[in-house]
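Below is one structure, written out as structure tokens; the observations come after it.
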Amino acid sequence: MENTENQKNGLRARMKAERAALSPDEVTLKSAVICNRLSSVLRGKKFVMAYCALFNEVNVDSLMRVLISEGIGVAVPVTEKETSVITPSEITSLSDIKRGAYGIREPINVSEVPLSEIDAVLVPGLAFDEGGMRMGFGKGCYDRFLENYKGLKIGVCYEFQLIDAVPFDKHDVPMDMIVTESGTYAV
Ligand code: ADP
Ligand code: MG
């Protein structure tokens, strides 16, 4: 159907507002639980693409530290402004990440990791549903990035962002698993 776009935009506004209302303590506590769950899920993986949390997104910094200390490769996305194309870039320490233009956290130097080497991608989002459908900020960056990705796709969000049904289009790429502070859900 045409116009999932309007439905998506209404939901984006609601989810952004609800997430912005979380206190710093709530973000910290819920993120810690989510990082623990993810750490179990990712045991035995060789290379994981995580992300640099923005605003009140689930913060996975502590997980990235743990993965690096366990010898698991970690990449974070570098997004080209003009095209919204995502490139996974390896980090070997959290100090490889700095705040750049618009306060966006990205690695200082880009060290591209081939998609074929990544065995799990952590995907942040504004809303997810039990079928694994995801809604992001509305640029479709992850849909394009994940189009040809064959590994494990893990949606990462707070429990309140897990809703009955996310409106979706043909180009939307579903997750294989969703992790919140309340559960680890296989799709
Ligand atoms: P988000 O996933 O960030 O919530 P949407 O799914 O609404 O955003 O997608 C935003 C825009 O990106 C849409 O207009 C869509 O046409 C475009 N888009 C997404 N994925 C692709 C793709 N694989 N190829 C071409 N355009 C895409
Ligand atoms: Mg989408």
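Chain labels A, B, ... are given in the sequence in which chains occur in the structure tokens; within each chain residues are numbered consecutively from 1, and ligands are likewise numbered from 1 in the order shown.
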Site check for ligand 1: residues at most 7 Å away, only C-alpha atoms and all ligand atoms, as a list in words: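 Checked against 7 Å with only C-alpha atoms and all ligand atoms; the hits are Glu5, Lys8, Arg134, Met135, Gly136, Phe137, Gly138, Lys139, Gly140, Cys141, Tyr142, Asp143, Arg144, Glu147, Phe168, Asp169, His171 and Asp172 of chain A.
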Writer output for current selection, N, CA, C and O atoms, as a PDB file, in the first residue's frame:
```pdb
ATOM      1  N   GLU A   5       4.469   5.796   4.693  1.00  0.00           N
ATOM      2  CA  GLU A   5       5.342   6.906   5.084  1.00  0.00           C
ATOM      3  C   GLU A   5       4.692   7.779   6.161  1.00  0.00           C
ATOM      4  O   GLU A   5       5.332   8.145   7.143  1.00  0.00           O
ATOM      5  N   LYS A   8       4.594   5.807   9.334  1.00  0.00           N
ATOM      6  CA  LYS A   8       5.940   5.744   9.911  1.00  0.00           C
ATOM      7  C   LYS A   8       6.299   7.069  10.572  1.00  0.00           C
ATOM      8  O   LYS A   8       6.862   7.071  11.675  1.00  0.00           O
ATOM      9  N   ARG A 134      11.638  -3.265  11.269  1.00  0.00           N
ATOM     10  CA  ARG A 134      12.318  -2.166  11.947  1.00  0.00           C
ATOM     11  C   ARG A 134      11.979  -0.832  11.308  1.00  0.00           C
ATOM     12  O   ARG A 134      11.838  -0.743  10.093  1.00  0.00           O
ATOM     13  N   MET A 135      11.887   0.189  12.143  1.00  0.00           N
ATOM     14  CA  MET A 135      11.754   1.547  11.636  1.00  0.00           C
ATOM     15  C   MET A 135      12.904   2.389  12.175  1.00  0.00           C
ATOM     16  O   MET A 135      13.173   2.399  13.378  1.00  0.00           O
ATOM     17  N   GLY A 136      13.610   3.079  11.284  1.00  0.00           N
ATOM     18  CA  GLY A 136      14.726   3.932  11.678  1.00  0.00           C
ATOM     19  C   GLY A 136      14.357   5.398  11.565  1.00  0.00           C
ATOM     20  O   GLY A 136      13.183   5.764  11.614  1.00  0.00           O
ATOM     21  N   PHE A 137      15.381   6.221  11.366  1.00  0.00           N
ATOM     22  CA  PHE A 137      15.160   7.667  11.306  1.00  0.00           C
ATOM     23  C   PHE A 137      14.497   8.134  10.010  1.00  0.00           C
ATOM     24  O   PHE A 137      14.122   9.287   9.881  1.00  0.00           O
ATOM     25  N   GLY A 138      14.421   7.260   9.020  1.00  0.00           N
ATOM     26  CA  GLY A 138      13.707   7.627   7.800  1.00  0.00           C
ATOM     27  C   GLY A 138      14.588   7.891   6.597  1.00  0.00           C
ATOM     28  O   GLY A 138      14.141   8.443   5.592  1.00  0.00           O
ATOM     29  N   LYS A 139      15.842   7.470   6.708  1.00  0.00           N
ATOM     30  CA  LYS A 139      16.728   7.637   5.546  1.00  0.00           C
ATOM     31  C   LYS A 139      16.988   6.313   4.837  1.00  0.00           C
ATOM     32  O   LYS A 139      17.585   6.283   3.767  1.00  0.00           O
ATOM     33  N   GLY A 140      16.569   5.224   5.440  1.00  0.00           N
ATOM     34  CA  GLY A 140      16.761   3.914   4.813  1.00  0.00           C
ATOM     35  C   GLY A 140      18.217   3.476   4.739  1.00  0.00           C
ATOM     36  O   GLY A 140      18.543   2.566   3.973  1.00  0.00           O
ATOM     37  N   CYS A 141      19.095   4.104   5.540  1.00  0.00           N
ATOM     38  CA  CYS A 141      20.542   3.771   5.490  1.00  0.00           C
ATOM     39  C   CYS A 141      20.779   2.286   5.739  1.00  0.00           C
ATOM     40  O   CYS A 141      21.502   1.626   4.996  1.00  0.00           O
ATOM     41  N   TYR A 142      20.185   1.753   6.816  1.00  0.00           N
ATOM     42  CA  TYR A 142      20.416   0.352   7.159  1.00  0.00           C
ATOM     43  C   TYR A 142      19.748  -0.594   6.161  1.00  0.00           C
ATOM     44  O   TYR A 142      20.250  -1.687   5.915  1.00  0.00           O
ATOM     45  N   ASP A 143      18.601  -0.193   5.596  1.00  0.00           N
ATOM     46  CA  ASP A 143      17.959  -1.067   4.599  1.00  0.00           C
ATOM     47  C   ASP A 143      18.884  -1.269   3.418  1.00  0.00           C
ATOM     48  O   ASP A 143      19.055  -2.385   2.931  1.00  0.00           O
ATOM     49  N   ARG A 144      19.509  -0.205   2.968  1.00  0.00           N
ATOM     50  CA  ARG A 144      20.439  -0.315   1.825  1.00  0.00           C
ATOM     51  C   ARG A 144      21.674  -1.117   2.242  1.00  0.00           C
ATOM     52  O   ARG A 144      22.126  -1.980   1.513  1.00  0.00           O
ATOM     53  N   GLU A 147      20.851  -4.898   2.637  1.00  0.00           N
ATOM     54  CA  GLU A 147      20.229  -5.537   1.465  1.00  0.00           C
ATOM     55  C   GLU A 147      20.944  -6.830   1.048  1.00  0.00           C
ATOM     56  O   GLU A 147      20.308  -7.827   0.752  1.00  0.00           O
ATOM     57  N   PHE A 168       5.624  -1.345   7.209  1.00  0.00           N
ATOM     58  CA  PHE A 168       6.831  -1.593   6.416  1.00  0.00           C
ATOM     59  C   PHE A 168       6.568  -1.590   4.922  1.00  0.00           C
ATOM     60  O   PHE A 168       5.451  -1.738   4.473  1.00  0.00           O
ATOM     61  N   ASP A 169       7.657  -1.376   4.192  1.00  0.00           N
ATOM     62  CA  ASP A 169       7.623  -1.359   2.731  1.00  0.00           C
ATOM     63  C   ASP A 169       8.491  -2.508   2.214  1.00  0.00           C
ATOM     64  O   ASP A 169       9.202  -3.149   2.983  1.00  0.00           O
ATOM     65  N   HIS A 171      11.258  -2.511   0.652  1.00  0.00           N
ATOM     66  CA  HIS A 171      12.706  -2.369   0.829  1.00  0.00           C
ATOM     67  C   HIS A 171      13.160  -2.602   2.273  1.00  0.00           C
ATOM     68  O   HIS A 171      14.353  -2.675   2.532  1.00  0.00           O
ATOM     69  N   ASP A 172      12.214  -2.674   3.220  1.00  0.00           N
ATOM     70  CA  ASP A 172      12.612  -2.818   4.634  1.00  0.00           C
ATOM     71  C   ASP A 172      13.184  -4.208   4.904  1.00  0.00           C
ATOM     72  O   ASP A 172      12.573  -5.212   4.551  1.00  0.00           O
TER      73      ASP A 172
END
```
If you count only C-alpha atoms and all ligand atoms, the residue of A:Gly125, A:Arg99, A:Pro114, A:Ile178 closest to ligand 2 turns out to be A:Gly125
Using DSSP assignments from the backbone, pull out every residue in region 2-187 of chain A that falls under strand (DSSP E) and give it to me as a PyMOL selection string. chain A and resi 47-49+73-79+86-91+97-99+105-107+120-124+127-129+134-135+152-156+162-163+177-179+184-186
From A:Ile72, A:Arg14, A:Ile86, A:Val78, residue lying nearest Lys45 (chain A) [only C-alpha atoms]: A:Ile72
Name the residues in contact with Gln161 (chain A) at a cut-off of 7 Å, using only C-alpha atoms, excluding same-chain residues fewer than 5 positions from it; report them as a short mmCIF file (atom, residue, chain, number, x, y, z; two decimals) with all heavy atoms, in the first residue's frame.
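Contents of the output file result31.cif:
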```cif
data_model
loop_
_atom_site.label_atom_id
_atom_site.label_comp_id
_atom_site.auth_asym_id
_atom_site.auth_seq_id
_atom_site.Cartn_x
_atom_site.Cartn_y
_atom_site.Cartn_z
N MET A 15 7.96 7.87 19.13
CA MET A 15 9.09 7.12 19.70
C MET A 15 10.26 8.03 20.07
O MET A 15 10.91 7.83 21.09
CB MET A 15 9.57 6.05 18.72
CG MET A 15 8.61 4.90 18.61
SD MET A 15 8.39 4.10 20.22
CE MET A 15 7.13 2.91 19.83
N LEU A 126 14.10 3.09 15.86
CA LEU A 126 13.09 3.79 16.66
C LEU A 126 11.97 2.86 17.10
O LEU A 126 11.36 3.07 18.15
CB LEU A 126 12.51 4.97 15.87
CG LEU A 126 13.40 6.20 15.79
CD1 LEU A 126 12.84 7.22 14.81
CD2 LEU A 126 13.54 6.84 17.18
N ALA A 127 11.68 1.83 16.29
CA ALA A 127 10.65 0.85 16.67
C ALA A 127 10.91 -0.46 15.95
O ALA A 127 11.45 -0.48 14.85
CB ALA A 127 9.27 1.36 16.32
N PHE A 128 10.53 -1.56 16.63
CA PHE A 128 10.65 -2.90 16.04
C PHE A 128 9.38 -3.66 16.39
O PHE A 128 8.67 -3.28 17.32
CB PHE A 128 11.83 -3.66 16.67
CG PHE A 128 13.19 -3.08 16.36
CD1 PHE A 128 13.73 -2.06 17.15
CD2 PHE A 128 13.94 -3.56 15.30
CE1 PHE A 128 14.98 -1.54 16.87
CE2 PHE A 128 15.20 -3.04 15.02
CZ PHE A 128 15.72 -2.02 15.80
#
```
Would you kindly return, as a VMD selection string, each protein, DNA or RNA residue with an atom no farther than 10 Å from any atom of region 28-35 of chain A, considering only C-alpha atoms and excluding same-chain residues fewer than 4 positions away? chain A and resid 22 to 24 39 to 41 56 to 64 66 156 to 159 179 to 184
Pick out the closest residue to ligand 2 from this set: A:Gly132, A:Pro88, A:Pro107, A:Gly151. Count only C-alpha atoms and all ligand atoms. A:Gly132
DSSP on the backbone: what in region 11-90 of chain A comes out alpha helix (DSSP H), as number ranges by chain? A: 11-20, 24-41, 61-69
